[in-house]
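File shown here: my_file08.tsv, holding TSV, C-alpha atoms.
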```
chain	number	residue	atom	x	y	z
A	1	MET	CA	55.31	84.39	119.70
A	2	SER	CA	58.05	82.70	117.78
A	3	GLU	CA	60.89	84.86	116.49
A	4	SER	CA	59.43	84.74	112.96
A	5	GLU	CA	55.93	85.66	114.13
A	6	PHE	CA	57.24	88.53	116.23
A	7	LEU	CA	59.27	89.91	113.33
A	8	ILE	CA	56.34	89.86	110.91
A	9	TRP	CA	54.00	91.27	113.58
A	10	SER	CA	56.31	94.21	114.27
A	11	LEU	CA	56.49	95.10	110.59
A	12	ASP	CA	52.79	94.48	110.08
A	13	LEU	CA	52.17	97.49	112.31
A	14	ARG	CA	53.46	99.80	109.57
A	15	PRO	CA	50.72	101.66	107.69
A	16	ASP	CA	52.36	101.24	104.28
A	17	TRP	CA	54.42	98.14	103.47
A	18	ALA	CA	57.43	96.09	104.56
A	19	VAL	CA	59.58	93.17	103.41
A	20	VAL	CA	61.09	90.39	105.50
A	21	VAL	CA	64.04	88.67	103.81
A	22	CYS	CA	64.68	85.21	105.25
A	23	LEU	CA	68.00	83.53	104.50
A	24	VAL	CA	67.26	79.98	105.53
A	25	GLY	CA	69.80	77.16	105.56
A	26	GLY	CA	68.55	73.60	105.36
A	27	GLY	CA	68.95	71.18	108.24
A	28	GLN	CA	70.39	73.69	110.70
A	29	GLU	CA	67.93	73.05	113.54
A	30	ILE	CA	69.94	71.55	116.41
A	31	ASN	CA	67.98	72.55	119.48
A	32	SER	CA	64.44	72.99	120.78
A	33	GLY	CA	62.77	76.13	119.49
A	34	GLU	CA	64.59	76.12	116.16
A	35	ALA	CA	62.11	75.39	113.38
A	36	GLY	CA	63.93	76.48	110.24
A	37	ILE	CA	61.85	77.57	107.27
A	38	ALA	CA	58.69	75.93	108.63
A	39	GLU	CA	58.20	78.67	111.24
A	40	PRO	CA	57.98	81.75	108.97
A	41	ILE	CA	55.69	79.72	106.69
A	42	ARG	CA	53.48	78.84	109.65
A	43	ALA	CA	53.38	82.47	110.78
A	44	ALA	CA	52.38	83.65	107.29
A	45	ASN	CA	49.74	80.95	106.93
A	46	ASP	CA	48.11	81.19	110.35
A	47	THR	CA	48.64	84.71	111.64
A	48	PHE	CA	49.35	86.98	108.66
A	49	PRO	CA	47.35	85.64	105.70
A	50	GLY	CA	47.44	89.04	103.97
A	51	TRP	CA	51.19	88.87	103.39
A	52	ASN	CA	52.61	87.71	100.07
A	53	VAL	CA	55.15	84.91	100.19
A	54	PHE	CA	57.94	84.73	97.61
A	55	ILE	CA	60.00	81.55	97.75
A	56	SER	CA	62.38	79.41	95.74
A	57	PRO	CA	60.77	76.33	94.16
A	58	GLN	CA	63.96	74.35	94.86
A	59	LEU	CA	63.44	73.89	98.59
A	60	THR	CA	62.37	70.27	98.17
A	61	ALA	CA	65.17	68.42	99.99
A	62	ARG	CA	64.50	66.68	103.29
A	63	GLU	CA	66.48	69.23	105.30
A	64	TYR	CA	63.89	71.91	104.46
A	65	ALA	CA	60.91	71.30	106.77
A	66	GLU	CA	61.39	67.54	106.36
A	67	GLY	CA	60.69	67.96	102.64
A	68	ASN	CA	57.21	69.40	103.32
A	69	VAL	CA	57.63	72.99	102.10
A	70	ASP	CA	55.11	72.58	99.26
A	71	ALA	CA	52.62	70.89	101.57
A	72	LEU	CA	52.92	73.70	104.12
A	73	LEU	CA	52.27	76.32	101.43
A	74	LYS	CA	49.47	74.44	99.66
A	75	THR	CA	46.61	76.31	101.32
A	76	ASN	CA	48.20	79.76	101.06
A	77	PRO	CA	46.83	81.64	98.01
A	78	ASN	CA	49.50	84.34	98.16
A	79	VAL	CA	52.55	82.25	97.28
A	80	ARG	CA	54.80	83.13	94.35
A	81	LYS	CA	57.72	80.89	93.37
A	82	ASP	CA	60.80	82.36	91.73
A	83	VAL	CA	63.93	80.39	90.77
A	84	SER	CA	66.10	83.50	91.17
A	85	LEU	CA	65.54	83.35	94.94
A	86	HIS	CA	67.59	80.18	95.30
A	87	LEU	CA	71.16	80.79	96.53
A	88	ALA	CA	72.85	77.87	94.85
A	89	THR	CA	76.49	78.72	95.56
A	90	SER	CA	77.77	78.30	99.10
A	91	MET	CA	80.05	81.11	100.20
A	92	ARG	CA	81.15	78.98	103.13
A	93	SER	CA	82.67	76.18	101.05
A	94	PHE	CA	83.54	78.24	97.99
A	95	ARG	CA	85.84	75.54	96.64
A	96	ALA	CA	83.03	72.98	96.65
A	97	GLU	CA	79.60	74.24	95.64
A	98	ASN	CA	78.20	70.72	96.01
A	99	LEU	CA	79.49	70.10	99.53
A	100	SER	CA	76.04	70.52	101.08
A	101	ASN	CA	74.61	68.06	98.55
A	102	PHE	CA	77.35	65.58	99.40
A	103	VAL	CA	76.72	65.94	103.13
A	104	GLY	CA	72.99	65.47	102.62
A	105	GLN	CA	73.58	62.30	100.62
A	106	LEU	CA	76.07	61.05	103.19
A	107	LEU	CA	73.56	61.53	105.99
A	108	ASP	CA	70.80	59.93	103.91
A	109	ARG	CA	73.13	56.91	103.49
A	110	ASP	CA	72.92	57.27	99.70
A	111	ALA	CA	76.46	56.00	99.17
A	112	SER	CA	76.34	55.89	95.37
A	113	ALA	CA	75.14	59.49	95.00
A	114	ALA	CA	77.53	60.75	97.68
A	115	LYS	CA	80.49	59.05	96.00
A	116	ASN	CA	79.63	60.60	92.64
A	117	THR	CA	79.12	64.05	94.15
A	118	TYR	CA	82.40	63.94	96.04
A	119	ALA	CA	84.25	62.90	92.89
A	120	GLU	CA	83.11	66.17	91.29
A	121	PHE	CA	84.90	68.41	93.80
A	122	CYS	CA	87.52	66.29	95.57
A	123	ALA	CA	90.37	67.84	93.56
A	124	ASN	CA	89.55	71.29	94.94
A	125	TYR	CA	88.19	70.35	98.34
A	126	PRO	CA	89.88	67.36	99.99
A	127	ILE	CA	88.12	65.33	102.66
A	128	MET	CA	90.64	63.03	104.29
A	129	LEU	CA	90.00	60.08	106.58
A	130	THR	CA	92.06	58.70	109.46
A	131	ARG	CA	91.81	56.79	112.71
A	132	ASP	CA	94.79	58.51	114.29
A	133	LEU	CA	94.13	61.90	115.88
A	134	ALA	CA	97.83	62.78	115.98
A	135	LYS	CA	98.03	62.27	112.20
A	136	ALA	CA	94.92	64.39	111.74
A	137	LYS	CA	96.46	67.26	113.69
A	138	SER	CA	99.67	66.99	111.68
A	139	TRP	CA	97.69	67.13	108.42
A	140	LEU	CA	95.89	70.31	109.51
A	141	ARG	CA	99.18	72.02	110.27
A	142	LYS	CA	100.66	71.00	106.91
A	143	VAL	CA	97.77	72.02	104.65
A	144	SER	CA	97.11	75.41	106.24
A	145	GLY	CA	99.09	78.48	105.36
A	146	GLY	CA	99.33	82.15	106.15
A	147	SER	CA	96.44	83.37	108.27
A	148	GLU	CA	94.23	80.35	107.56
A	149	ARG	CA	92.28	79.03	110.53
A	150	TYR	CA	91.94	75.39	111.54
A	151	GLY	CA	90.58	73.52	114.56
A	152	MET	CA	89.02	70.40	116.00
A	153	ILE	CA	85.25	69.95	116.18
A	154	CYS	CA	82.94	67.20	117.40
A	155	SER	CA	79.37	66.48	118.44
A	156	SER	CA	78.15	67.78	121.78
A	157	GLN	CA	77.25	64.14	122.55
A	158	ALA	CA	80.80	62.88	121.92
A	159	PHE	CA	81.39	62.00	125.56
A	160	ARG	CA	83.68	59.04	124.89
A	161	LEU	CA	86.48	61.01	123.32
A	162	ARG	CA	87.90	61.62	126.79
A	163	PRO	CA	90.59	58.92	126.35
A	164	LEU	CA	91.82	61.09	123.46
A	165	ALA	CA	92.09	64.06	125.87
A	166	ILE	CA	88.93	65.63	124.43
A	167	ASP	CA	86.18	66.56	126.87
A	168	VAL	CA	83.10	68.17	125.33
A	169	ARG	CA	82.06	69.40	128.77
A	170	ALA	CA	85.07	71.74	128.84
A	171	LYS	CA	83.54	74.59	126.88
A	172	PRO	CA	86.04	76.83	125.08
A	173	ASN	CA	85.75	80.59	125.08
A	174	ILE	CA	84.70	80.76	121.45
A	175	VAL	CA	86.14	84.28	120.99
A	176	ASP	CA	89.57	83.10	122.10
A	177	TRP	CA	89.13	79.87	120.12
A	178	PHE	CA	88.47	81.72	116.85
A	179	LEU	CA	90.70	84.78	117.25
A	180	ASP	CA	93.77	83.99	119.33
A	181	ASP	CA	97.00	82.99	117.63
A	182	ILE	CA	98.86	79.70	117.62
A	183	THR	CA	100.86	80.55	120.75
A	184	ASP	CA	97.72	80.71	122.93
A	185	ILE	CA	96.52	77.42	124.40
A	186	ARG	CA	92.90	78.65	124.11
A	187	SER	CA	93.18	79.06	120.35
A	188	SER	CA	91.71	76.58	117.87
A	189	LEU	CA	95.16	76.56	116.26
A	190	PHE	CA	96.65	75.03	119.41
A	191	LEU	CA	94.54	71.90	118.70
A	192	GLU	CA	93.72	71.28	122.32
A	193	ASP	CA	90.19	72.61	122.87
A	194	VAL	CA	87.36	71.28	120.71
A	195	ALA	CA	84.23	73.14	119.55
A	196	THR	CA	80.81	71.48	119.21
A	197	GLU	CA	77.94	72.21	116.84
A	198	PHE	CA	76.56	74.76	119.33
A	199	ASP	CA	79.86	76.64	119.46
A	200	ILE	CA	80.43	76.77	115.73
A	201	GLN	CA	76.94	76.99	114.21
A	202	GLY	CA	76.91	79.89	111.76
A	203	LEU	CA	80.71	80.18	111.82
A	204	GLU	CA	83.44	78.43	109.90
A	205	LEU	CA	87.11	77.52	109.68
A	206	ASP	CA	89.37	77.21	106.68
A	207	TRP	CA	90.23	73.62	107.63
A	208	SER	CA	88.57	71.37	110.19
A	209	CYS	CA	89.12	68.06	111.91
A	210	LEU	CA	85.82	66.36	112.74
A	211	ILE	CA	86.29	63.69	115.41
A	212	TRP	CA	83.44	61.18	115.06
A	213	ASP	CA	82.32	59.44	118.24
A	214	GLY	CA	80.02	56.49	118.95
A	215	ASP	CA	76.98	58.72	119.38
A	216	PHE	CA	76.32	58.47	115.64
A	217	GLN	CA	77.03	55.04	114.19
A	218	TYR	CA	76.51	53.94	110.62
A	219	ALA	CA	74.29	50.93	109.93
A	220	PRO	CA	72.85	49.91	106.53
A	221	ASP	CA	69.26	50.21	107.78
A	222	GLY	CA	69.68	53.56	109.52
A	223	TRP	CA	71.92	55.56	111.81
A	224	ILE	CA	72.32	54.23	115.34
A	225	GLN	CA	71.91	57.35	117.46
A	226	LYS	CA	72.99	57.52	121.09
A	227	ASP	CA	73.45	59.87	123.96
A	228	PHE	CA	75.61	59.20	126.98
A	229	SER	CA	73.93	59.02	130.35
A	230	GLY	CA	74.75	57.33	133.63
A	231	GLY	CA	78.00	55.84	132.39
A	232	LYS	CA	76.59	54.18	129.27
A	233	TRP	CA	75.25	54.87	125.79
A	234	LYS	CA	71.46	54.99	125.49
A	235	ASN	CA	69.38	54.95	122.32
A	236	ILE	CA	67.83	58.20	121.12
A	237	ASN	CA	64.25	57.35	120.13
A	238	ALA	CA	62.39	60.67	120.10
A	239	PRO	CA	61.99	61.82	116.46
A	240	GLU	CA	62.83	65.45	117.25
A	241	ARG	CA	65.99	64.48	119.15
A	242	ARG	CA	67.05	62.18	116.31
A	243	ALA	CA	66.54	64.98	113.79
A	244	PHE	CA	68.56	67.39	115.93
A	245	GLN	CA	71.47	64.94	116.05
A	246	VAL	CA	71.47	64.38	112.30
A	247	ASN	CA	71.51	68.15	111.86
A	248	ALA	CA	74.34	68.45	114.38
A	249	TYR	CA	76.50	66.30	112.13
A	250	ARG	CA	75.28	68.29	109.11
A	251	VAL	CA	76.54	71.45	110.80
A	252	LEU	CA	79.87	69.83	111.72
A	253	LEU	CA	80.40	68.49	108.20
A	254	THR	CA	79.88	71.91	106.62
A	255	ARG	CA	82.13	74.13	108.76
A	256	ALA	CA	85.26	74.12	106.58
A	257	ARG	CA	85.86	76.48	103.67
A	258	LYS	CA	88.78	74.67	102.04
A	259	GLY	CA	88.80	71.06	103.25
A	260	MET	CA	88.58	68.77	106.24
A	261	ILE	CA	89.79	65.58	107.80
A	262	ILE	CA	87.49	63.15	109.60
A	263	CYS	CA	88.98	61.12	112.43
A	264	VAL	CA	87.07	58.01	113.44
A	265	PRO	CA	88.79	56.50	116.50
A	266	GLU	CA	89.73	52.84	116.69
A	267	GLY	CA	87.83	52.32	119.92
A	268	ASP	CA	89.14	50.17	122.74
A	269	ARG	CA	90.54	46.83	121.59
A	270	GLY	CA	91.75	45.78	125.05
A	271	HIS	CA	90.75	42.65	126.92
A	272	PRO	CA	88.19	43.18	128.23
A	273	PRO	CA	87.34	46.24	126.14
A	274	ASP	CA	85.77	49.41	127.43
A	275	ASP	CA	82.08	48.76	126.70
A	276	THR	CA	81.52	52.44	125.91
A	277	ARG	CA	84.23	52.42	123.22
A	278	ARG	CA	83.79	49.07	121.51
A	279	PRO	CA	85.45	48.93	118.07
A	280	GLU	CA	82.12	48.07	116.42
A	281	PHE	CA	80.84	51.51	117.46
A	282	TYR	CA	83.36	53.02	115.04
A	283	ASP	CA	84.40	50.43	112.44
A	284	GLU	CA	81.23	50.45	110.31
A	285	THR	CA	81.18	54.25	110.22
A	286	TYR	CA	84.79	54.31	109.04
A	287	LYS	CA	84.09	51.70	106.33
A	288	TYR	CA	81.07	53.68	105.16
A	289	LEU	CA	82.98	56.95	104.89
A	290	ARG	CA	85.80	55.18	103.07
A	291	SER	CA	83.29	53.74	100.58
A	292	LEU	CA	82.35	57.29	99.56
A	293	GLY	CA	85.80	57.82	98.08
A	294	LEU	CA	87.34	59.71	100.96
A	295	LYS	CA	91.09	59.27	100.84
A	296	GLU	CA	92.75	57.58	103.81
A	297	LEU	CA	95.64	59.47	105.31
A	298	ALA	CA	98.84	57.45	105.03
```
For this file, write the structure as structure tokens.
Amino acid sequence: MSESEFLIWSLDLRPDWAVVVCLVGGGQEINSGEAGIAEPIRAANDTFPGWNVFISPQLTAREYAEGNVDALLKTNPNVRKDVSLHLATSMRSFRAENLSNFVGQLLDRDASAAKNTYAEFCANYPIMLTRDLAKAKSWLRKVSGGSERYGMICSSQAFRLRPLAIDVRAKPNIVDWFLDDITDIRSSLFLEDVATEFDIQGLELDWSCLIWDGDFQYAPDGWIQKDFSGGKWKNINAPERRAFQVNAYRVLLTRARKGMIICVPEGDRGHPPDDTRRPEFYDETYKYLRSLGLKELA
């Protein structure tokens, strides 16, 4: 049984009645076995047809079951839609209610919509852009205050950040990373260890620095998606793996409550260059992010 099916089954044993409340975020599936909202729908449709399903009619975006929520529910006669079930305000990014919309548009490469959405909240929720990791760290220290938490995050496939002294294979103790103070080298505040989407899913910082590697490269006709194997980048072709990687960046782009800085490295401009860190792996991504209205750090 899936987790959803097991949960409904266990409550279905009751002789009277029960309610399962599902708080489902869109586009959060980053690993095999995670099916998002599609799985409780499937369980209700196929295994527990006597249960009533109450759902928001606003779950139409691509990150909710690939935009197929209505299609999945079409044959279920016990569906009731209620607009009051939609949680429209993000408690994570309370300064920017439209952050998730912006991130969705960014990942869909809808530059015009993303630029307009960002313009609506940029005064309250800054998203800065740089190519210099040292400057990014300095910005985090300057904007944070009091007990606010900040840290560096990146994709679990960001294997070519090692020249920047960032190794995604060196897993932090996430308890130390989130809770220790600035004097502890294991703390996120020390800006030495980096957390990936698997470390930080479901958690958040006040301020984040997302370091964007060549595993996810912007191109006008679609994202170029890579994983690193055998000393070189290789294309990700499997649809499920591609979806997981898009969602990984969705998670990373929505971890900050108050603002973030995105660092896109320059790559290696030596002669000959490091083929795993060619500037073209990074330049187009940086230009794209800049076109959305993100302010470059001086």
List the spatial neighbours of Phe281 (chain A) as a count of residues only - criterion: any atom at most 9 Å away, only C-alpha atoms, same-chain residues fewer than 4 positions off excluded. 10
Using all atoms listed in the file, pick whichever of A:Lys234, A:Lys258, A:Arg141, A:Ser229 has the shortest atom-to-atom distance to Ser188 (chain A).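 Selected residue with least distance to Ser188 (chain A): A:Arg141.
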Interatomic distance between CA of Gly146 (chain A) and CA of Leu205 (chain A)? 13.5 Å
Within 12 Å of region 111-126 of chain A: each region 175-256 of chain A residue with its shortest pair, all atoms listed in the file, as a Markdown table:
```
| residue | atom | partner | partner_atom | distance |
| --- | --- | --- | --- | --- |
| A:Asp206 | CA | A:Tyr125 | CA | 10.9 |
| A:Trp207 | CA | A:Pro126 | CA | 9.9 |
| A:Ser208 | CA | A:Pro126 | CA | 11.0 |
| A:Cys209 | CA | A:Pro126 | CA | 12.0 |
| A:Tyr218 | CA | A:Ala111 | CA | 11.6 |
| A:Pro220 | CA | A:Ala111 | CA | 10.2 |
| A:Thr254 | CA | A:Tyr125 | CA | 11.8 |
| A:Ala256 | CA | A:Tyr125 | CA | 9.5 |
```
Nearest residue to Glu148 (chain A) out of A:Gly222, A:Glu204, A:Leu13, A:Asp167, using only C-alpha atoms?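 For Glu148 (chain A), the nearest of the candidates is A:Glu204.
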